[in-house]
Amino acid sequence: QVNLVESGGGSVQRGESLRLSCAVSGDINSRRCLAWFRQVPGKEREAVAATNRDGTLDYGDVGHGRFFISLNDAKTTLYLQMNDLAPTDSAQYYCAATGVRWGCPDGLPGGDFTFWGQGTNVAVSS
């Protein structure tokens with residue numbers, strides 16, 4: 001069992017940066033994939049970025065070159081650094097974790113992630 005709690009969302013203007021945090025608790029010692037997703041009401045959920053305990057990084061199509069995922073050494077906090085934000089980045093951002101597995105699933109399908117946080121909202125104005 002893994003518990004995920006996001007924080008760090010807010011309202012910013014175009015071009016500004018935000019760093020989202022996800023507190024990870026429970027079974028943090030098992031191998032699993034940790035990821036960030038985002039969703040706008042009425043639209044499909046998008047994979048943003050993922051990482052695993054070995055430090056392998058995987059990025060979705062969104063935020064390429066602007067968004068960076070990281071995990072602290074204790075494996076208890078997952079971060080998403082978002083730079084040069086645009087109004088199209090406005091969404092609810094979710095932290096997610098798979099069950100125990102090696103590496104992250106190809107293409108980061110949301111259905112492969114078992115545990116989800118409640119989300120944190122990001123609003124970018126022009």
# chains A, B, ... in the order shown; residues from 1 in each chain; ligands from 1
>>> residues_around(residues="Gln81 in chain A", least_positions_apart="3", cutoff="12 Å", atoms="only C-alpha atoms", output="list in words")
Gly8, Gly9, Glu16, Ser17, Leu18, Arg19, Leu20, Ser21, Cys22, Trp36, Val48, Ala49, Gly63, His64, Gly65, Arg66, Phe67, Phe68, Ile69, Ser70, Leu71, Leu78, Asp84 and Leu85 of chain A
>>> write_last_selection(atoms="C-alpha atoms", output="PDB file, in the first residue's frame")
ATOM      1  CA  GLY A   8       2.492  22.964  -4.488  1.00  0.00           C
ATOM      2  CA  GLY A   9      -0.183  23.830  -7.002  1.00  0.00           C
ATOM      3  CA  GLU A  16       6.499  31.495 -14.313  1.00  0.00           C
ATOM      4  CA  SER A  17       7.568  28.293 -12.599  1.00  0.00           C
ATOM      5  CA  LEU A  18       6.063  25.954 -10.027  1.00  0.00           C
ATOM      6  CA  ARG A  19       7.387  22.946  -8.185  1.00  0.00           C
ATOM      7  CA  LEU A  20       4.884  20.288  -7.255  1.00  0.00           C
ATOM      8  CA  SER A  21       5.584  17.869  -4.440  1.00  0.00           C
ATOM      9  CA  CYS A  22       4.144  14.459  -3.703  1.00  0.00           C
ATOM     10  CA  TRP A  36       2.955  12.626 -12.553  1.00  0.00           C
ATOM     11  CA  VAL A  48       3.715  13.996 -17.692  1.00  0.00           C
ATOM     12  CA  ALA A  49       6.778  12.199 -16.333  1.00  0.00           C
ATOM     13  CA  GLY A  63       6.052  19.707 -20.995  1.00  0.00           C
ATOM     14  CA  HIS A  64       9.006  18.300 -22.909  1.00  0.00           C
ATOM     15  CA  GLY A  65      12.095  20.299 -22.018  1.00  0.00           C
ATOM     16  CA  ARG A  66      10.198  22.380 -19.472  1.00  0.00           C
ATOM     17  CA  PHE A  67       9.116  19.837 -16.883  1.00  0.00           C
ATOM     18  CA  PHE A  68      11.538  17.798 -14.786  1.00  0.00           C
ATOM     19  CA  ILE A  69      10.772  14.958 -12.402  1.00  0.00           C
ATOM     20  CA  SER A  70      12.912  13.980  -9.435  1.00  0.00           C
ATOM     21  CA  LEU A  71      12.772  11.814  -6.326  1.00  0.00           C
ATOM     22  CA  LEU A  78       8.422  13.070  -5.663  1.00  0.00           C
ATOM     23  CA  ASP A  84       7.981  28.482 -18.469  1.00  0.00           C
ATOM     24  CA  LEU A  85       4.380  27.623 -17.761  1.00  0.00           C
TER      25      LEU A  85
END
>>> residues_around(residues="Thr77 in chain A", least_positions_apart="2", cutoff="12 Å", atoms="only C-alpha atoms", output="number ranges by chain")
A: 3-7, 19-25, 28, 34-35, 51, 53, 69-75, 79-80, 95
>>> residues_around(residues="range 113-126 of chain A", least_positions_apart="2", cutoff="7 Å", atoms="only C-alpha atoms", output="number ranges by chain")
A: 2, 4-7, 9-14, 85-87, 89-99, 110-111
>>> write_last_selection(atoms="N, CA, C and O atoms", output="mmCIF file, in the first residue's frame")
data_model
loop_
_atom_site.group_PDB
_atom_site.id
_atom_site.type_symbol
_atom_site.label_atom_id
_atom_site.label_comp_id
_atom_site.auth_asym_id
_atom_site.auth_seq_id
_atom_site.Cartn_x
_atom_site.Cartn_y
_atom_site.Cartn_z
ATOM 1 N N VAL A 2 0.532 2.194 -0.831
ATOM 2 C CA VAL A 2 1.274 3.451 -0.929
ATOM 3 C C VAL A 2 0.283 4.592 -0.805
ATOM 4 O O VAL A 2 -0.784 4.570 -1.431
ATOM 5 N N LEU A 4 -0.216 8.744 -1.280
ATOM 6 C CA LEU A 4 0.360 9.849 -2.045
ATOM 7 C C LEU A 4 -0.417 11.124 -1.763
ATOM 8 O O LEU A 4 -1.652 11.136 -1.868
ATOM 9 N N VAL A 5 0.293 12.185 -1.424
ATOM 10 C CA VAL A 5 -0.349 13.467 -1.142
ATOM 11 C C VAL A 5 0.393 14.563 -1.885
ATOM 12 O O VAL A 5 1.560 14.839 -1.585
ATOM 13 N N GLU A 6 -0.302 15.200 -2.829
ATOM 14 C CA GLU A 6 0.320 16.254 -3.625
ATOM 15 C C GLU A 6 0.179 17.610 -2.957
ATOM 16 O O GLU A 6 -0.763 17.846 -2.181
ATOM 17 N N SER A 7 1.094 18.500 -3.300
ATOM 18 C CA SER A 7 1.025 19.887 -2.853
ATOM 19 C C SER A 7 1.819 20.742 -3.826
ATOM 20 O O SER A 7 2.544 20.217 -4.678
ATOM 21 N N GLY A 9 0.552 23.208 -5.919
ATOM 22 C CA GLY A 9 -0.183 23.830 -7.002
ATOM 23 C C GLY A 9 -0.557 25.260 -6.655
ATOM 24 O O GLY A 9 -0.381 25.716 -5.526
ATOM 25 N N GLY A 10 -1.074 25.978 -7.640
ATOM 26 C CA GLY A 10 -1.490 27.344 -7.403
ATOM 27 C C GLY A 10 -1.766 28.074 -8.696
ATOM 28 O O GLY A 10 -1.816 27.462 -9.771
ATOM 29 N N SER A 11 -1.918 29.373 -8.572
ATOM 30 C CA SER A 11 -2.187 30.234 -9.728
ATOM 31 C C SER A 11 -0.948 31.048 -10.043
ATOM 32 O O SER A 11 -0.420 31.736 -9.168
ATOM 33 N N VAL A 12 -0.506 30.962 -11.281
ATOM 34 C CA VAL A 12 0.678 31.699 -11.714
ATOM 35 C C VAL A 12 0.394 32.334 -13.066
ATOM 36 O O VAL A 12 -0.621 32.052 -13.711
ATOM 37 N N GLN A 13 1.316 33.159 -13.502
ATOM 38 C CA GLN A 13 1.195 33.786 -14.812
ATOM 39 C C GLN A 13 2.099 33.085 -15.815
ATOM 40 O O GLN A 13 3.045 32.378 -15.448
ATOM 41 N N ARG A 14 1.794 33.295 -17.038
ATOM 42 C CA ARG A 14 2.579 32.717 -18.134
ATOM 43 C C ARG A 14 4.070 32.986 -17.926
ATOM 44 O O ARG A 14 4.461 34.093 -17.591
ATOM 45 N N LEU A 85 5.743 28.124 -17.683
ATOM 46 C CA LEU A 85 4.380 27.623 -17.761
ATOM 47 C C LEU A 85 3.532 28.435 -18.730
ATOM 48 O O LEU A 85 3.719 29.642 -18.905
ATOM 49 N N ALA A 86 2.607 27.737 -19.362
ATOM 50 C CA ALA A 86 1.684 28.342 -20.315
ATOM 51 C C ALA A 86 0.243 28.035 -19.884
ATOM 52 O O ALA A 86 0.017 27.088 -19.135
ATOM 53 N N PRO A 87 -0.715 28.826 -20.359
ATOM 54 C CA PRO A 87 -2.112 28.549 -19.993
ATOM 55 C C PRO A 87 -2.547 27.128 -20.328
ATOM 56 O O PRO A 87 -3.402 26.558 -19.632
ATOM 57 N N ASP A 89 -0.989 24.561 -19.777
ATOM 58 C CA ASP A 89 -0.540 23.669 -18.702
ATOM 59 C C ASP A 89 -1.515 23.640 -17.530
ATOM 60 O O ASP A 89 -1.323 22.879 -16.576
ATOM 61 N N SER A 90 -2.530 24.475 -17.581
ATOM 62 C CA SER A 90 -3.523 24.502 -16.511
ATOM 63 C C SER A 90 -4.256 23.167 -16.456
ATOM 64 O O SER A 90 -4.789 22.699 -17.469
ATOM 65 N N ALA A 91 -4.253 22.561 -15.277
ATOM 66 C CA ALA A 91 -4.853 21.238 -15.128
ATOM 67 C C ALA A 91 -4.792 20.826 -13.665
ATOM 68 O O ALA A 91 -4.153 21.491 -12.843
ATOM 69 N N GLN A 92 -5.438 19.717 -13.370
ATOM 70 C CA GLN A 92 -5.256 19.063 -12.085
ATOM 71 C C GLN A 92 -4.096 18.088 -12.267
ATOM 72 O O GLN A 92 -4.107 17.277 -13.201
ATOM 73 N N TYR A 93 -3.113 18.179 -11.396
ATOM 74 C CA TYR A 93 -1.937 17.322 -11.501
ATOM 75 C C TYR A 93 -1.994 16.258 -10.410
ATOM 76 O O TYR A 93 -2.249 16.562 -9.245
ATOM 77 N N TYR A 94 -1.745 15.016 -10.828
ATOM 78 C CA TYR A 94 -1.839 13.878 -9.928
ATOM 79 C C TYR A 94 -0.506 13.147 -9.838
ATOM 80 O O TYR A 94 0.195 12.976 -10.832
ATOM 81 N N CYS A 95 -0.220 12.675 -8.649
ATOM 82 C CA CYS A 95 0.897 11.785 -8.413
ATOM 83 C C CYS A 95 0.347 10.358 -8.397
ATOM 84 O O CYS A 95 -0.753 10.128 -7.885
ATOM 85 N N ALA A 96 1.087 9.417 -8.978
ATOM 86 C CA ALA A 96 0.605 8.047 -9.056
ATOM 87 C C ALA A 96 1.756 7.060 -8.894
ATOM 88 O O ALA A 96 2.913 7.391 -9.163
ATOM 89 N N ALA A 97 1.428 5.863 -8.461
ATOM 90 C CA ALA A 97 2.431 4.812 -8.271
ATOM 91 C C ALA A 97 1.871 3.487 -8.770
ATOM 92 O O ALA A 97 0.675 3.198 -8.609
ATOM 93 N N THR A 98 2.756 2.691 -9.361
ATOM 94 C CA THR A 98 2.352 1.349 -9.777
ATOM 95 C C THR A 98 2.424 0.403 -8.591
ATOM 96 O O THR A 98 2.914 0.755 -7.514
ATOM 97 N N GLY A 99 1.994 -0.808 -8.814
ATOM 98 C CA GLY A 99 2.299 -1.869 -7.881
ATOM 99 C C GLY A 99 3.777 -2.210 -8.001
ATOM 100 O O GLY A 99 4.521 -1.570 -8.761
ATOM 101 N N GLY A 110 -2.153 5.171 -17.782
ATOM 102 C CA GLY A 110 -2.681 5.423 -16.449
ATOM 103 C C GLY A 110 -3.245 4.177 -15.790
ATOM 104 O O GLY A 110 -3.191 4.033 -14.571
ATOM 105 N N GLY A 111 -3.767 3.274 -16.597
ATOM 106 C CA GLY A 111 -4.351 2.053 -16.054
ATOM 107 C C GLY A 111 -3.355 1.146 -15.363
ATOM 108 O O GLY A 111 -3.750 0.272 -14.589
#
>>> select_by_dssp(residues="range 13-82 of chain A", states="strand (DSSP E or B)", output="number ranges by chain")
A: 13, 18-26, 33-39, 46-52, 57-59, 67-71, 77-82
>>> write_last_selection(atoms="N, CA, C and O atoms", output="compact mmCIF listing (two decimals), in the first residue's frame")
# COMPACT_ATOMS: atom_id res chain seq x y z
N GLN A 13 1.32 33.16 -13.50
CA GLN A 13 1.19 33.79 -14.81
C GLN A 13 2.10 33.08 -15.82
O GLN A 13 3.04 32.38 -15.45
N LEU A 18 6.64 26.57 -11.23
CA LEU A 18 6.06 25.95 -10.03
C LEU A 18 6.78 24.64 -9.78
O LEU A 18 7.20 23.98 -10.73
N ARG A 19 6.89 24.27 -8.51
CA ARG A 19 7.39 22.95 -8.19
C ARG A 19 6.32 22.21 -7.39
O ARG A 19 5.95 22.65 -6.29
N LEU A 20 5.85 21.13 -7.94
CA LEU A 20 4.88 20.29 -7.26
C LEU A 20 5.63 19.24 -6.43
O LEU A 20 6.69 18.76 -6.83
N SER A 21 5.03 18.90 -5.30
CA SER A 21 5.58 17.87 -4.44
C SER A 21 4.55 16.79 -4.21
O SER A 21 3.35 17.07 -4.17
N CYS A 22 5.02 15.57 -4.03
CA CYS A 22 4.14 14.46 -3.70
C CYS A 22 4.79 13.69 -2.56
O CYS A 22 5.86 13.09 -2.74
N ALA A 23 4.16 13.73 -1.41
CA ALA A 23 4.66 12.97 -0.26
C ALA A 23 4.27 11.51 -0.42
O ALA A 23 3.08 11.20 -0.56
N VAL A 24 5.26 10.63 -0.38
CA VAL A 24 5.05 9.20 -0.58
C VAL A 24 5.24 8.49 0.76
O VAL A 24 6.29 8.64 1.40
N SER A 25 4.26 7.74 1.17
CA SER A 25 4.37 7.00 2.43
C SER A 25 3.80 5.60 2.25
O SER A 25 3.18 5.29 1.23
N GLY A 26 4.03 4.78 3.24
CA GLY A 26 3.61 3.39 3.16
C GLY A 26 4.78 2.54 2.72
O GLY A 26 5.88 2.66 3.23
N CYS A 33 7.09 2.19 -10.01
CA CYS A 33 7.20 3.39 -10.82
C CYS A 33 6.36 4.50 -10.18
O CYS A 33 5.22 4.27 -9.77
N LEU A 34 6.93 5.69 -10.10
CA LEU A 34 6.22 6.86 -9.60
C LEU A 34 6.09 7.87 -10.73
O LEU A 34 7.06 8.08 -11.48
N ALA A 35 4.95 8.50 -10.85
CA ALA A 35 4.71 9.36 -12.00
C ALA A 35 3.82 10.54 -11.67
O ALA A 35 3.12 10.55 -10.67
N TRP A 36 3.88 11.50 -12.56
CA TRP A 36 2.95 12.63 -12.55
C TRP A 36 2.07 12.54 -13.79
O TRP A 36 2.56 12.29 -14.90
N PHE A 37 0.78 12.77 -13.57
CA PHE A 37 -0.19 12.88 -14.64
C PHE A 37 -0.91 14.21 -14.49
O PHE A 37 -0.86 14.84 -13.44
N ARG A 38 -1.61 14.60 -15.53
CA ARG A 38 -2.45 15.79 -15.42
C ARG A 38 -3.74 15.55 -16.21
O ARG A 38 -3.78 14.76 -17.14
N GLN A 39 -4.77 16.29 -15.80
CA GLN A 39 -6.05 16.15 -16.48
C GLN A 39 -6.84 17.44 -16.41
O GLN A 39 -6.92 18.07 -15.35
N GLU A 46 -3.29 12.87 -19.12
CA GLU A 46 -2.01 12.83 -19.83
C GLU A 46 -0.89 12.46 -18.87
O GLU A 46 -0.84 12.97 -17.75
N ALA A 47 0.00 11.62 -19.33
CA ALA A 47 1.20 11.32 -18.55
C ALA A 47 2.20 12.45 -18.73
O ALA A 47 2.47 12.87 -19.86
N VAL A 48 2.75 12.90 -17.63
CA VAL A 48 3.71 14.00 -17.69
C VAL A 48 5.14 13.46 -17.59
O VAL A 48 5.98 13.74 -18.45
N ALA A 49 5.42 12.70 -16.54
CA ALA A 49 6.78 12.20 -16.33
C ALA A 49 6.75 11.09 -15.31
O ALA A 49 5.82 11.01 -14.50
N ALA A 50 7.77 10.24 -15.33
CA ALA A 50 7.84 9.12 -14.39
C ALA A 50 9.28 8.81 -14.05
O ALA A 50 10.21 9.15 -14.79
N THR A 51 9.45 8.15 -12.90
CA THR A 51 10.77 7.71 -12.49
C THR A 51 10.62 6.46 -11.62
O THR A 51 9.53 6.14 -11.16
N ASN A 52 11.71 5.75 -11.42
CA ASN A 52 11.69 4.61 -10.51
C ASN A 52 12.86 4.72 -9.55
O ASN A 52 13.63 5.68 -9.59
N LEU A 57 14.45 8.00 -15.82
CA LEU A 57 13.43 9.00 -16.06
C LEU A 57 12.71 8.73 -17.37
O LEU A 57 13.31 8.25 -18.33
N ASP A 58 11.45 9.05 -17.40
CA ASP A 58 10.65 8.88 -18.61
C ASP A 58 9.69 10.05 -18.69
O ASP A 58 9.03 10.38 -17.70
N TYR A 59 9.63 10.67 -19.84
CA TYR A 59 8.77 11.83 -20.01
C TYR A 59 7.73 11.58 -21.08
O TYR A 59 8.01 10.98 -22.11
N PHE A 67 9.49 20.52 -18.11
CA PHE A 67 9.12 19.84 -16.88
C PHE A 67 10.18 18.80 -16.53
O PHE A 67 10.66 18.07 -17.40
N PHE A 68 10.50 18.72 -15.22
CA PHE A 68 11.54 17.80 -14.79
C PHE A 68 11.08 17.08 -13.53
O PHE A 68 10.67 17.72 -12.56
N ILE A 69 11.18 15.77 -13.54
CA ILE A 69 10.77 14.96 -12.40
C ILE A 69 11.99 14.55 -11.60
O ILE A 69 13.08 14.34 -12.15
N SER A 70 11.83 14.45 -10.29
CA SER A 70 12.91 13.98 -9.43
C SER A 70 12.33 13.34 -8.19
O SER A 70 11.18 13.58 -7.83
N LEU A 71 13.16 12.52 -7.54
CA LEU A 71 12.77 11.81 -6.33
C LEU A 71 13.87 12.04 -5.31
O LEU A 71 15.06 11.89 -5.64
N THR A 77 9.64 11.77 -1.28
CA THR A 77 9.01 12.92 -1.93
C THR A 77 9.33 12.92 -3.42
O THR A 77 10.49 12.87 -3.81
N LEU A 78 8.30 12.98 -4.21
CA LEU A 78 8.42 13.07 -5.66
C LEU A 78 8.15 14.51 -6.06
O LEU A 78 7.20 15.12 -5.58
N TYR A 79 8.99 15.05 -6.92
CA TYR A 79 8.85 16.43 -7.34
C TYR A 79 8.56 16.53 -8.83
O TYR A 79 8.95 15.66 -9.61
N LEU A 80 7.91 17.62 -9.20
CA LEU A 80 7.78 17.98 -10.60
C LEU A 80 8.08 19.47 -10.72
O LEU A 80 7.30 20.30 -10.27
N GLN A 81 9.23 19.78 -11.28
CA GLN A 81 9.61 21.16 -11.52
C GLN A 81 9.04 21.56 -12.88
O GLN A 81 9.35 20.91 -13.89
N MET A 82 8.23 22.60 -12.89
CA MET A 82 7.60 23.05 -14.13
C MET A 82 8.05 24.47 -14.42
O MET A 82 7.81 25.38 -13.62
>>> atom_distance(atom1="CA of Gly55 in chain A", atom2="CA of Val100 in chain A")
15.7 Å
>>> atom_distance(atom1="CA of Gly103 in chain A", atom2="CA of Asp54 in chain A")
8.2 Å
>>> atom_distance(atom1="CA of Asn29 in chain A", atom2="CA of Thr76 in chain A")
9.7 Å
